[in-house]
file protein13.txt (compact mmCIF, C-alpha atoms)
# COMPACT_ATOMS: atom_id res chain seq x y z
CA MET A 1 83.69 62.03 91.67
CA ILE A 2 85.97 62.11 88.61
CA PHE A 3 83.96 65.03 87.27
CA GLU A 4 84.38 67.01 90.49
CA ARG A 5 88.13 66.42 90.58
CA ALA A 6 88.49 67.51 86.96
CA THR A 7 86.33 70.58 87.58
CA ARG A 8 88.27 71.66 90.66
CA ARG A 9 91.54 71.11 88.78
CA GLU A 10 90.36 73.41 86.00
CA PHE A 11 89.20 76.00 88.53
CA ALA A 12 92.59 75.82 90.28
CA GLN A 13 94.54 76.26 87.04
CA ALA A 14 92.45 79.27 86.07
CA ALA A 15 92.77 80.75 89.58
CA ALA A 16 96.55 80.33 89.56
CA GLY A 17 96.94 82.20 86.27
CA ILE A 18 94.47 84.95 87.18
CA GLY A 19 95.94 85.36 90.67
CA VAL A 20 99.47 85.77 89.34
CA VAL A 21 98.34 88.40 86.82
CA LEU A 22 96.33 90.38 89.38
CA LEU A 23 99.14 90.16 91.93
CA ALA A 24 101.64 91.42 89.35
CA ILE A 25 99.40 94.35 88.43
CA LEU A 26 98.67 95.41 92.01
CA THR A 27 102.25 94.89 93.16
CA SER A 28 103.63 96.88 90.22
CA THR A 29 101.24 99.75 90.92
CA GLN A 30 102.18 99.79 94.60
CA LEU A 31 105.89 99.51 93.79
CA ILE A 32 105.74 102.52 91.48
CA ARG A 33 104.01 104.53 94.21
CA LEU A 34 106.62 103.53 96.82
CA LEU A 35 109.54 104.27 94.47
CA LYS A 36 108.06 107.70 93.83
CA ASP A 37 107.88 108.35 97.58
CA ALA A 38 111.44 107.10 98.01
CA ALA A 39 112.70 109.35 95.20
CA GLY A 40 110.95 112.29 96.84
CA GLY A 41 112.60 111.57 100.18
CA HIS A 42 109.33 110.69 101.94
CA ILE A 43 110.48 107.16 102.78
CA ALA A 44 113.88 105.52 102.94
CA PRO A 45 114.89 103.52 99.83
CA GLU A 46 115.65 100.44 101.96
CA ALA A 47 112.07 100.50 103.28
CA VAL A 48 110.49 99.92 99.87
CA ALA A 49 110.68 96.11 99.96
CA SER A 50 109.21 95.84 103.48
CA LEU A 51 106.39 98.29 102.78
CA LEU A 52 105.62 96.47 99.53
CA GLY A 53 105.26 93.18 101.43
CA PHE A 54 102.93 94.76 103.98
CA ALA A 55 100.85 96.30 101.17
CA ALA A 56 100.57 92.91 99.44
CA LEU A 57 99.13 91.34 102.60
CA ASN A 58 96.72 94.26 102.92
CA PHE A 59 95.12 93.92 99.46
CA MET A 60 95.31 90.10 99.36
CA PRO A 61 91.67 89.53 100.56
CA VAL A 62 90.30 91.62 97.68
CA LEU A 63 92.66 89.93 95.23
CA LEU A 64 91.63 86.41 96.31
CA SER A 65 87.94 87.32 96.17
CA LEU A 66 88.28 88.66 92.62
CA THR A 67 90.43 85.69 91.59
CA LEU A 68 87.82 83.21 92.84
CA PHE A 69 85.00 85.01 91.01
CA VAL A 70 86.82 85.35 87.68
CA SER A 71 88.28 81.81 87.70
CA VAL A 72 84.84 80.18 88.14
CA LEU A 73 83.31 82.54 85.60
CA MET A 74 85.95 81.90 82.92
CA SER A 75 86.00 78.13 83.43
CA LEU A 76 82.24 77.75 83.07
CA SER A 77 82.14 80.23 80.17
CA ARG A 78 84.66 78.03 78.35
CA ALA A 79 82.36 75.05 78.92
CA TYR A 80 79.52 76.97 77.26
CA ARG A 81 81.72 78.05 74.30
CA ASP A 82 83.01 74.51 73.74
CA SER A 83 79.43 73.14 73.92
CA GLU A 84 80.28 71.03 76.96
CA MET A 85 77.19 72.41 78.65
CA VAL A 86 75.07 70.92 75.87
CA VAL A 87 76.30 67.49 76.91
CA TRP A 88 75.79 68.41 80.56
CA PHE A 89 72.14 69.40 80.10
CA SER A 90 71.45 66.56 77.66
CA SER A 91 72.51 64.05 80.29
CA GLY A 92 69.79 65.40 82.59
CA GLN A 93 72.01 67.41 84.92
CA PRO A 94 70.62 70.81 86.01
CA LEU A 95 72.63 74.01 86.34
CA THR A 96 72.30 73.79 90.12
CA ALA A 97 74.49 70.67 90.09
CA TRP A 98 77.48 73.02 89.66
CA ILE A 99 76.88 74.50 93.12
CA ARG A 100 78.54 71.58 94.90
CA PRO A 101 81.91 71.55 93.03
CA VAL A 102 82.07 75.36 93.00
CA THR A 103 81.40 75.49 96.75
CA LYS A 104 84.03 72.83 97.48
CA PHE A 105 86.59 74.76 95.46
CA ALA A 106 85.60 78.12 96.99
CA LEU A 107 85.55 77.17 100.69
CA PRO A 108 89.37 76.94 101.19
CA ILE A 109 89.81 80.31 99.47
CA VAL A 110 86.98 81.82 101.53
CA PHE A 111 88.69 80.53 104.68
CA ALA A 112 91.98 82.11 103.55
CA ILE A 113 90.18 85.43 102.91
CA ALA A 114 88.64 85.27 106.40
CA LEU A 115 92.06 84.60 107.95
CA LEU A 116 93.71 87.42 106.02
CA SER A 117 91.01 90.00 106.68
CA SER A 118 90.72 89.05 110.38
CA PHE A 119 94.38 88.85 111.38
CA LEU A 120 97.06 89.25 108.71
CA SER A 121 95.80 92.41 106.99
CA PRO A 122 95.35 94.28 110.32
CA TRP A 123 98.83 93.13 111.34
CA ALA A 124 100.21 94.43 108.03
CA ASN A 125 98.47 97.79 108.54
CA TYR A 126 99.88 98.13 112.05
CA SER A 127 103.36 97.01 110.96
CA THR A 128 103.35 99.56 108.14
CA ALA A 129 102.45 102.41 110.49
CA ASP A 130 104.94 101.24 113.13
CA TYR A 131 107.72 100.87 110.56
CA LYS A 132 107.11 104.39 109.23
CA GLN A 133 107.24 105.75 112.79
CA LYS A 134 110.62 104.10 113.33
CA LEU A 135 111.93 105.44 110.03
CA SER A 136 110.82 108.96 110.89
CA ALA A 137 112.74 108.74 114.20
CA ARG A 138 116.07 107.99 112.54
CA SER A 139 118.88 110.54 112.48
CA GLU A 140 118.34 113.48 110.14
CA LEU A 141 121.20 112.62 107.83
CA SER A 142 120.08 109.02 107.39
CA GLN A 143 116.73 110.34 106.06
CA VAL A 144 118.39 112.41 103.35
CA SER A 145 118.27 111.16 99.77
CA PRO A 146 120.95 112.44 97.37
CA GLY A 147 119.71 115.15 95.05
CA THR A 148 116.56 116.03 97.04
CA PHE A 149 115.71 118.62 99.67
CA ARG A 150 114.68 117.16 103.02
CA GLU A 151 112.81 119.09 105.72
CA VAL A 152 113.25 118.08 109.36
CA LYS A 153 111.96 119.52 112.62
CA LYS A 154 108.81 120.81 110.92
CA GLY A 155 110.73 122.91 108.39
CA GLN A 156 113.17 124.47 110.87
CA ARG A 157 116.05 122.72 109.13
CA VAL A 158 116.44 121.83 105.45
CA PHE A 159 119.14 119.47 104.14
CA PHE A 160 120.35 119.03 100.59
CA VAL A 161 123.10 116.52 99.77
CA GLU A 162 124.35 115.97 96.26
CA ALA A 163 126.30 112.80 97.05
CA LEU A 164 126.04 110.29 99.88
CA SER A 165 128.23 107.27 100.58
CA GLU A 166 126.67 103.82 100.90
CA ASP A 167 127.02 103.78 104.70
CA ALA A 168 125.95 107.46 104.93
CA SER A 169 129.24 108.28 106.67
CA ARG A 170 130.39 110.89 104.14
CA VAL A 171 128.49 113.50 102.14
CA GLY A 172 129.41 115.80 99.28
CA ASN A 173 128.21 119.28 98.26
CA VAL A 174 126.01 119.95 101.29
CA PHE A 175 123.42 122.70 101.74
CA VAL A 176 121.87 123.27 105.18
CA ALA A 177 119.31 125.98 105.98
CA THR A 178 118.29 126.51 109.60
CA VAL A 179 116.09 128.90 111.55
CA GLN A 180 117.34 129.71 115.04
CA GLU A 181 116.13 132.55 117.30
CA GLY A 182 114.45 134.28 114.38
CA LYS A 183 117.59 134.23 112.23
CA LEU A 184 118.01 132.35 108.96
CA GLY A 185 121.33 130.57 108.54
CA VAL A 186 122.54 128.94 105.36
CA VAL A 187 125.59 126.68 105.33
CA MET A 188 127.25 125.41 102.16
CA SER A 189 130.12 122.96 102.15
CA ASP A 190 132.08 120.87 99.67
CA SER A 191 132.12 117.73 101.83
CA GLY A 192 131.43 116.38 105.29
CA HIS A 193 131.23 113.34 107.49
CA GLN A 194 129.41 112.00 110.54
CA GLU A 195 131.02 112.08 113.94
CA VAL A 196 129.89 110.70 117.31
CA ALA A 197 130.98 112.53 120.45
CA GLU A 198 132.05 110.76 123.66
CA ASN A 199 128.67 111.45 125.24
CA GLY A 200 126.91 109.81 122.28
CA ASP A 201 125.77 112.97 120.47
CA ARG A 202 125.82 112.80 116.68
CA PHE A 203 127.25 115.58 114.53
CA VAL A 204 127.60 116.22 110.83
CA VAL A 205 131.03 117.80 110.41
CA LEU A 206 131.07 120.04 107.33
CA GLU A 207 134.43 120.89 105.78
CA HIS A 208 135.68 123.89 103.79
CA GLY A 209 132.54 125.95 103.42
CA ARG A 210 130.71 129.16 104.22
CA ARG A 211 127.89 130.19 106.53
CA TYR A 212 125.50 133.01 105.71
CA GLU A 213 123.34 134.45 108.46
CA VAL A 214 120.57 137.00 107.99
CA GLU A 215 117.80 138.34 110.18
CA PRO A 216 114.62 138.70 108.07
CA GLY A 217 113.39 142.28 107.86
CA THR A 218 116.77 143.84 108.72
CA PRO A 219 119.84 144.67 106.63
CA ALA A 220 122.10 142.72 109.02
CA PHE A 221 124.03 140.10 107.10
CA LYS A 222 126.99 137.94 108.11
CA VAL A 223 129.31 135.76 106.06
CA MET A 224 131.71 133.33 107.72
CA GLU A 225 134.20 130.92 106.20
CA PHE A 226 135.18 127.78 108.10
CA GLU A 227 137.44 124.79 107.92
CA GLN A 228 135.03 122.65 109.98
CA TYR A 229 131.44 123.29 111.05
CA HIS A 230 129.54 120.95 113.38
CA VAL A 231 125.80 120.49 112.86
CA ARG A 232 124.07 118.39 115.48
CA SER A 233 122.07 115.47 114.06
CA GLU A 234 119.51 114.06 116.45
CA ASP A 235 117.56 110.82 116.50
CA GLY A 236 113.87 111.38 117.10
CA VAL A 237 111.75 109.46 119.56
CA ALA A 238 110.00 106.50 117.93
CA LYS A 239 106.33 106.72 118.81
CA THR A 240 104.11 103.68 119.02
CA ALA A 241 101.77 103.40 116.05
CA GLU A 242 98.17 104.32 116.78
CA ARG A 243 95.92 101.28 117.15
CA SER A 244 93.10 102.38 114.87
CA PRO A 245 90.26 99.91 114.02
CA ASN A 246 91.84 98.77 110.74
CA ARG A 247 94.97 97.73 112.68
CA LEU A 248 93.28 95.63 115.35
CA PRO A 249 92.93 91.83 115.23
CA ILE A 250 89.33 90.72 115.10
CA HIS A 251 89.14 89.54 118.73
CA GLU A 252 90.09 93.05 119.90
CA LEU A 253 87.84 94.67 117.31
CA ILE A 254 84.77 92.81 118.60
CA LEU A 255 85.31 94.29 122.06
CA ASP A 256 85.43 97.84 120.66
CA ASP A 257 81.89 99.25 120.45
CA SER A 258 82.72 102.50 118.60
CA ASN A 259 81.09 103.21 115.24
CA GLN A 260 84.45 103.09 113.43
CA ALA A 261 85.16 99.65 114.89
CA ARG A 262 81.69 98.40 113.94
CA GLY A 263 82.25 99.60 110.37
CA GLU A 264 85.61 97.84 110.18
CA LEU A 265 84.10 94.65 111.61
CA LEU A 266 81.33 94.78 109.01
CA TRP A 267 83.93 94.92 106.22
CA ARG A 268 85.90 91.99 107.62
CA ILE A 269 82.80 89.83 107.98
CA GLY A 270 81.59 90.87 104.54
CA MET A 271 84.76 89.93 102.64
CA PRO A 272 84.55 86.11 102.97
CA ILE A 273 80.74 86.11 102.63
CA SER A 274 80.89 88.21 99.46
CA ALA A 275 83.57 85.91 98.03
CA LEU A 276 81.28 82.89 98.40
CA VAL A 277 78.25 84.73 97.00
CA LEU A 278 80.30 85.94 94.02
CA ALA A 279 81.52 82.40 93.32
CA LEU A 280 77.89 81.20 93.20
CA LEU A 281 76.88 84.20 91.08
CA ALA A 282 79.53 83.19 88.55
CA ILE A 283 77.58 80.00 87.75
CA PRO A 284 74.54 81.63 86.07
CA LEU A 285 76.58 84.63 84.87
CA SER A 286 78.87 82.31 82.90
CA PHE A 287 76.18 81.57 80.30
CA VAL A 288 77.48 82.26 76.79
CA ASN A 289 75.50 81.84 73.60
CA PRO A 290 77.99 80.30 71.13
CA ARG A 291 76.29 82.20 68.28
CA ALA A 292 76.46 85.57 70.02
CA GLY A 293 79.28 87.72 71.37
CA ARG A 294 81.61 86.21 73.94
CA SER A 295 82.26 89.24 76.13
CA ALA A 296 78.71 90.26 77.14
CA ASN A 297 78.62 88.02 80.22
CA MET A 298 82.07 89.24 81.32
CA LEU A 299 80.93 92.87 81.19
CA ILE A 300 77.83 92.03 83.22
CA ALA A 301 79.98 90.12 85.73
CA ILE A 302 82.34 93.08 86.15
CA LEU A 303 79.35 95.36 86.72
CA VAL A 304 77.95 92.96 89.35
CA TYR A 305 81.31 92.82 91.14
CA VAL A 306 81.66 96.62 91.17
CA ILE A 307 78.12 97.08 92.50
CA TYR A 308 78.62 94.45 95.21
CA SER A 309 81.98 95.90 96.29
CA ASN A 310 80.62 99.45 96.39
CA LEU A 311 77.57 98.40 98.40
CA ILE A 312 79.84 96.85 101.04
CA SER A 313 81.97 100.02 101.14
CA VAL A 314 78.89 102.25 101.43
CA SER A 315 77.39 100.16 104.23
CA GLN A 316 80.75 100.20 106.04
CA ALA A 317 80.92 104.01 105.77
CA TRP A 318 77.32 104.42 106.97
CA VAL A 319 77.91 102.17 109.98
CA ALA A 320 81.15 104.05 110.80
CA GLN A 321 79.23 107.35 110.61
CA GLY A 322 76.36 106.04 112.73
CA LYS A 323 73.84 106.34 109.88
CA LEU A 324 73.12 102.60 109.71
CA SER A 325 72.72 99.92 112.34
CA PHE A 326 75.53 97.37 112.40
CA TRP A 327 73.16 94.40 112.60
CA LEU A 328 71.23 95.68 109.58
CA GLY A 329 74.33 96.52 107.56
CA VAL A 330 76.07 93.20 108.22
CA TRP A 331 73.45 91.15 106.33
CA ALA A 332 71.43 93.61 104.20
CA VAL A 333 73.92 93.86 101.31
CA HIS A 334 74.44 90.10 101.05
CA VAL A 335 70.70 89.37 101.15
CA LEU A 336 70.24 92.02 98.46
CA MET A 337 72.80 90.27 96.24
CA LEU A 338 71.16 86.89 96.84
CA CYS A 339 68.08 88.19 94.99
CA PRO A 340 69.81 88.44 91.57
CA LEU A 341 71.55 85.12 92.34
CA LEU A 342 68.22 83.32 92.76
CA LEU A 343 66.70 85.23 89.84
CA LEU A 344 69.53 84.26 87.48
CA PHE A 345 69.36 80.61 88.51
CA TYR A 346 65.59 80.64 87.97
CA ARG A 347 65.97 82.22 84.55
CA ARG A 348 68.61 79.72 83.38
CA ILE A 349 66.60 76.76 84.66
CA ALA A 350 63.05 77.85 83.74
CA ILE A 351 63.78 79.27 80.29
CA ARG A 352 64.65 76.56 77.83
CA MET A 353 67.92 76.87 76.02
CA PRO A 354 68.07 77.61 72.25
CA TRP A 355 69.13 74.08 71.36
CA GLN A 356 66.27 72.67 73.45
CA ARG A 357 63.70 74.77 71.56
CA ARG A 358 65.15 73.69 68.26
CA ASP A 359 64.63 70.00 69.01
CA ASN A 360 60.85 70.41 69.54

call {"tool": "encode", "arguments": {"input": "protein13.txt", "output": "structure tokens"}}
result
Amino acid sequence: MIFERATRREFAQAAAGIGVVLLAILTSTQLIRLLKDAAGGHIAPEAVASLLGFAALNFMPVLLSLTLFVSVLMSLSRAYRDSEMVVWFSSGQPLTAWIRPVTKFALPIVFAIALLSSFLSPWANYSTADYKQKLSARSELSQVSPGTFREVKKGQRVFFVEALSEDASRVGNVFVATVQEGKLGVVMSDSGHQEVAENGDRFVVLEHGRRYEVEPGTPAFKVMEFEQYHVRSEDGVAKTAERSPNRLPIHELILDDSNQARGELLWRIGMPISALVLALLAIPLSFVNPRAGRSANMLIAILVYVIYSNLISVSQAWVAQGKLSFWLGVWAVHVLMLCPLLLLFYRRIAIRMPWQRRDN
């Protein structure tokens, strides 16, 4: 009992450190991608934090699965390096005795992975799509980022604003290009502000500027100077996000019998199962010969994880494309990975360790 508590405590400490590092890496990568989109005007700067939170929920099942695998692997590898396993085997305990404490430690994490992949990750995917739809329906001026060109209405209007106040009420050095009735109009202004008419229509009022109008293919050309020029700024209609299979909770996904839904269901079922299998695989993979290199088992473990993850992705794609039966795909990969699990346990138990051969 004391041994199991100490073992689970060591597993938990390793998992906490590894989880924080992996979360920092994945979050930083996603943050850089979102900041790049925000700088390019594809998303609003204030949406970065929300989209980052949704993305974190989305990749959390994979992160927890990898954290569980690596934490068990590193903890048991340390026991081999510090010769604690020598004491373990000398006391008559087999390698299979580690299955119980590893399973007890893994089950709460596996349950969390199942909860995330079944409900929270689909909710995060749907919320991300819905949030982007609402952002795209905002007024044209509110979507403009200072110093970048912004296309609206499928390229029929292009905005460029050099300066924008914090509440987006005033703009400076404005460039607006529009296409109306086959004519190209370009408006340039030193400053401007937003104005709401009595009927609720929004306008961008440009001040002290010029308007150039030209009809492509003809020499006709007009130049007009103005004190004020009103450009209508419309709010789009926020569309409901599409409920694709990766955005459905699992109880709705089960009722959907399409190939895409079956493939998504296979992935969600496979995530918690693969996490448990990987945790058990870490027990024989953690073997380290103190006299040999210390990184060989880690490289093999990474290769096993990559193969397992890719097999799940391939089976999901084949089921979604109708090339593989769902009932075959849902268990075939995991049974296939149980073969090296049993083989590795057999090898570690049947083959005597170097220190055991030396004693005879």

call {"tool": "closest_residue", "arguments": {"input": "protein13.txt", "among": "A:Leu51, A:Ala24, A:Leu73, A:Val171", "to": "Asp130 (chain A)", "atoms": "only C-alpha atoms"}}
result
A:Leu51

call {"tool": "atom_distance", "arguments": {"input": "protein13.txt", "atom1": "CA of Ser313 (chain A)", "atom2": "CA of Pro340 (chain A)"}}
result
19.3 Å

call {"tool": "atom_distance", "arguments": {"input": "protein13.txt", "atom1": "CA of Val205 (chain A)", "atom2": "CA of Gln228 (chain A)"}}
result
6.3 Å

call {"tool": "atom_distance", "arguments": {"input": "protein13.txt", "atom1": "CA of Ser191 (chain A)", "atom2": "CA of Tyr212 (chain A)"}}
result
17.1 Å

call {"tool": "residues_around", "arguments": {"input": "protein13.txt", "residues": "Phe105 (chain A)", "least_positions_apart": "3", "cutoff": "9 Å", "atoms": "all atoms listed in the file", "output": "PyMOL selection string"}}
result
chain A and resi 7-8+11-12+68+100-102+108-109

call {"tool": "residues_near_point", "arguments": {"input": "protein13.txt", "point": "(92.8, 75.3, 86.6)", "cutoff": "12 Å", "atoms": "all atoms listed in the file", "output": "list in words"}}
result
Arg5, Ala6, Thr7, Arg8, Arg9, Glu10, Phe11, Ala12, Gln13, Ala14, Ala15, Ala16, Gly17, Ile18, Gly19, Thr67, Leu68, Val70, Ser71, Val72, Leu73, Met74, Ser75, Leu76, Arg78 and Phe105 of chain A

call {"tool": "closest_residue", "arguments": {"input": "protein13.txt", "among": "A:Tyr229, A:Phe111, A:Phe221, A:Phe287", "to": "His193 (chain A)", "atoms": "all atoms listed in the file"}}
result
A:Tyr229

call {"tool": "residues_around", "arguments": {"input": "protein13.txt", "residues": "region 321-323 of chain A", "least_positions_apart": "4", "cutoff": "8 Å", "atoms": "only C-alpha atoms", "output": "list in words"}}
result
Asn259, Gln260 and Ala317 of chain A

call {"tool": "closest_residue", "arguments": {"input": "protein13.txt", "among": "A:Ser77, A:Ser65, A:Thr29, A:Asn289", "to": "Tyr308 (chain A)", "atoms": "only C-alpha atoms"}}
result
A:Ser65

call {"tool": "closest_residue", "arguments": {"input": "protein13.txt", "among": "A:Ser244, A:Tyr126, A:Leu285, A:Leu276", "to": "Leu107 (chain A)", "atoms": "only C-alpha atoms"}}
result
A:Leu276

call {"tool": "closest_residue", "arguments": {"input": "protein13.txt", "among": "A:Val288, A:Ile25, A:Val277, A:Leu120", "to": "Pro249 (chain A)", "atoms": "all atoms listed in the file"}}
result
A:Leu120

call {"tool": "closest_residue", "arguments": {"input": "protein13.txt", "among": "A:Ile99, A:Ile300, A:Ala124, A:Leu342", "to": "Asn58 (chain A)", "atoms": "only C-alpha atoms"}}
result
A:Ala124

call {"tool": "residues_near_point", "arguments": {"input": "protein13.txt", "point": "(84.0, 96.3, 92.1)", "cutoff": "12 Å", "atoms": "all atoms listed in the file", "output": "ChimeraX atom specification"}}
result
/A:62-63,65-66,69,274-275,278,299-313
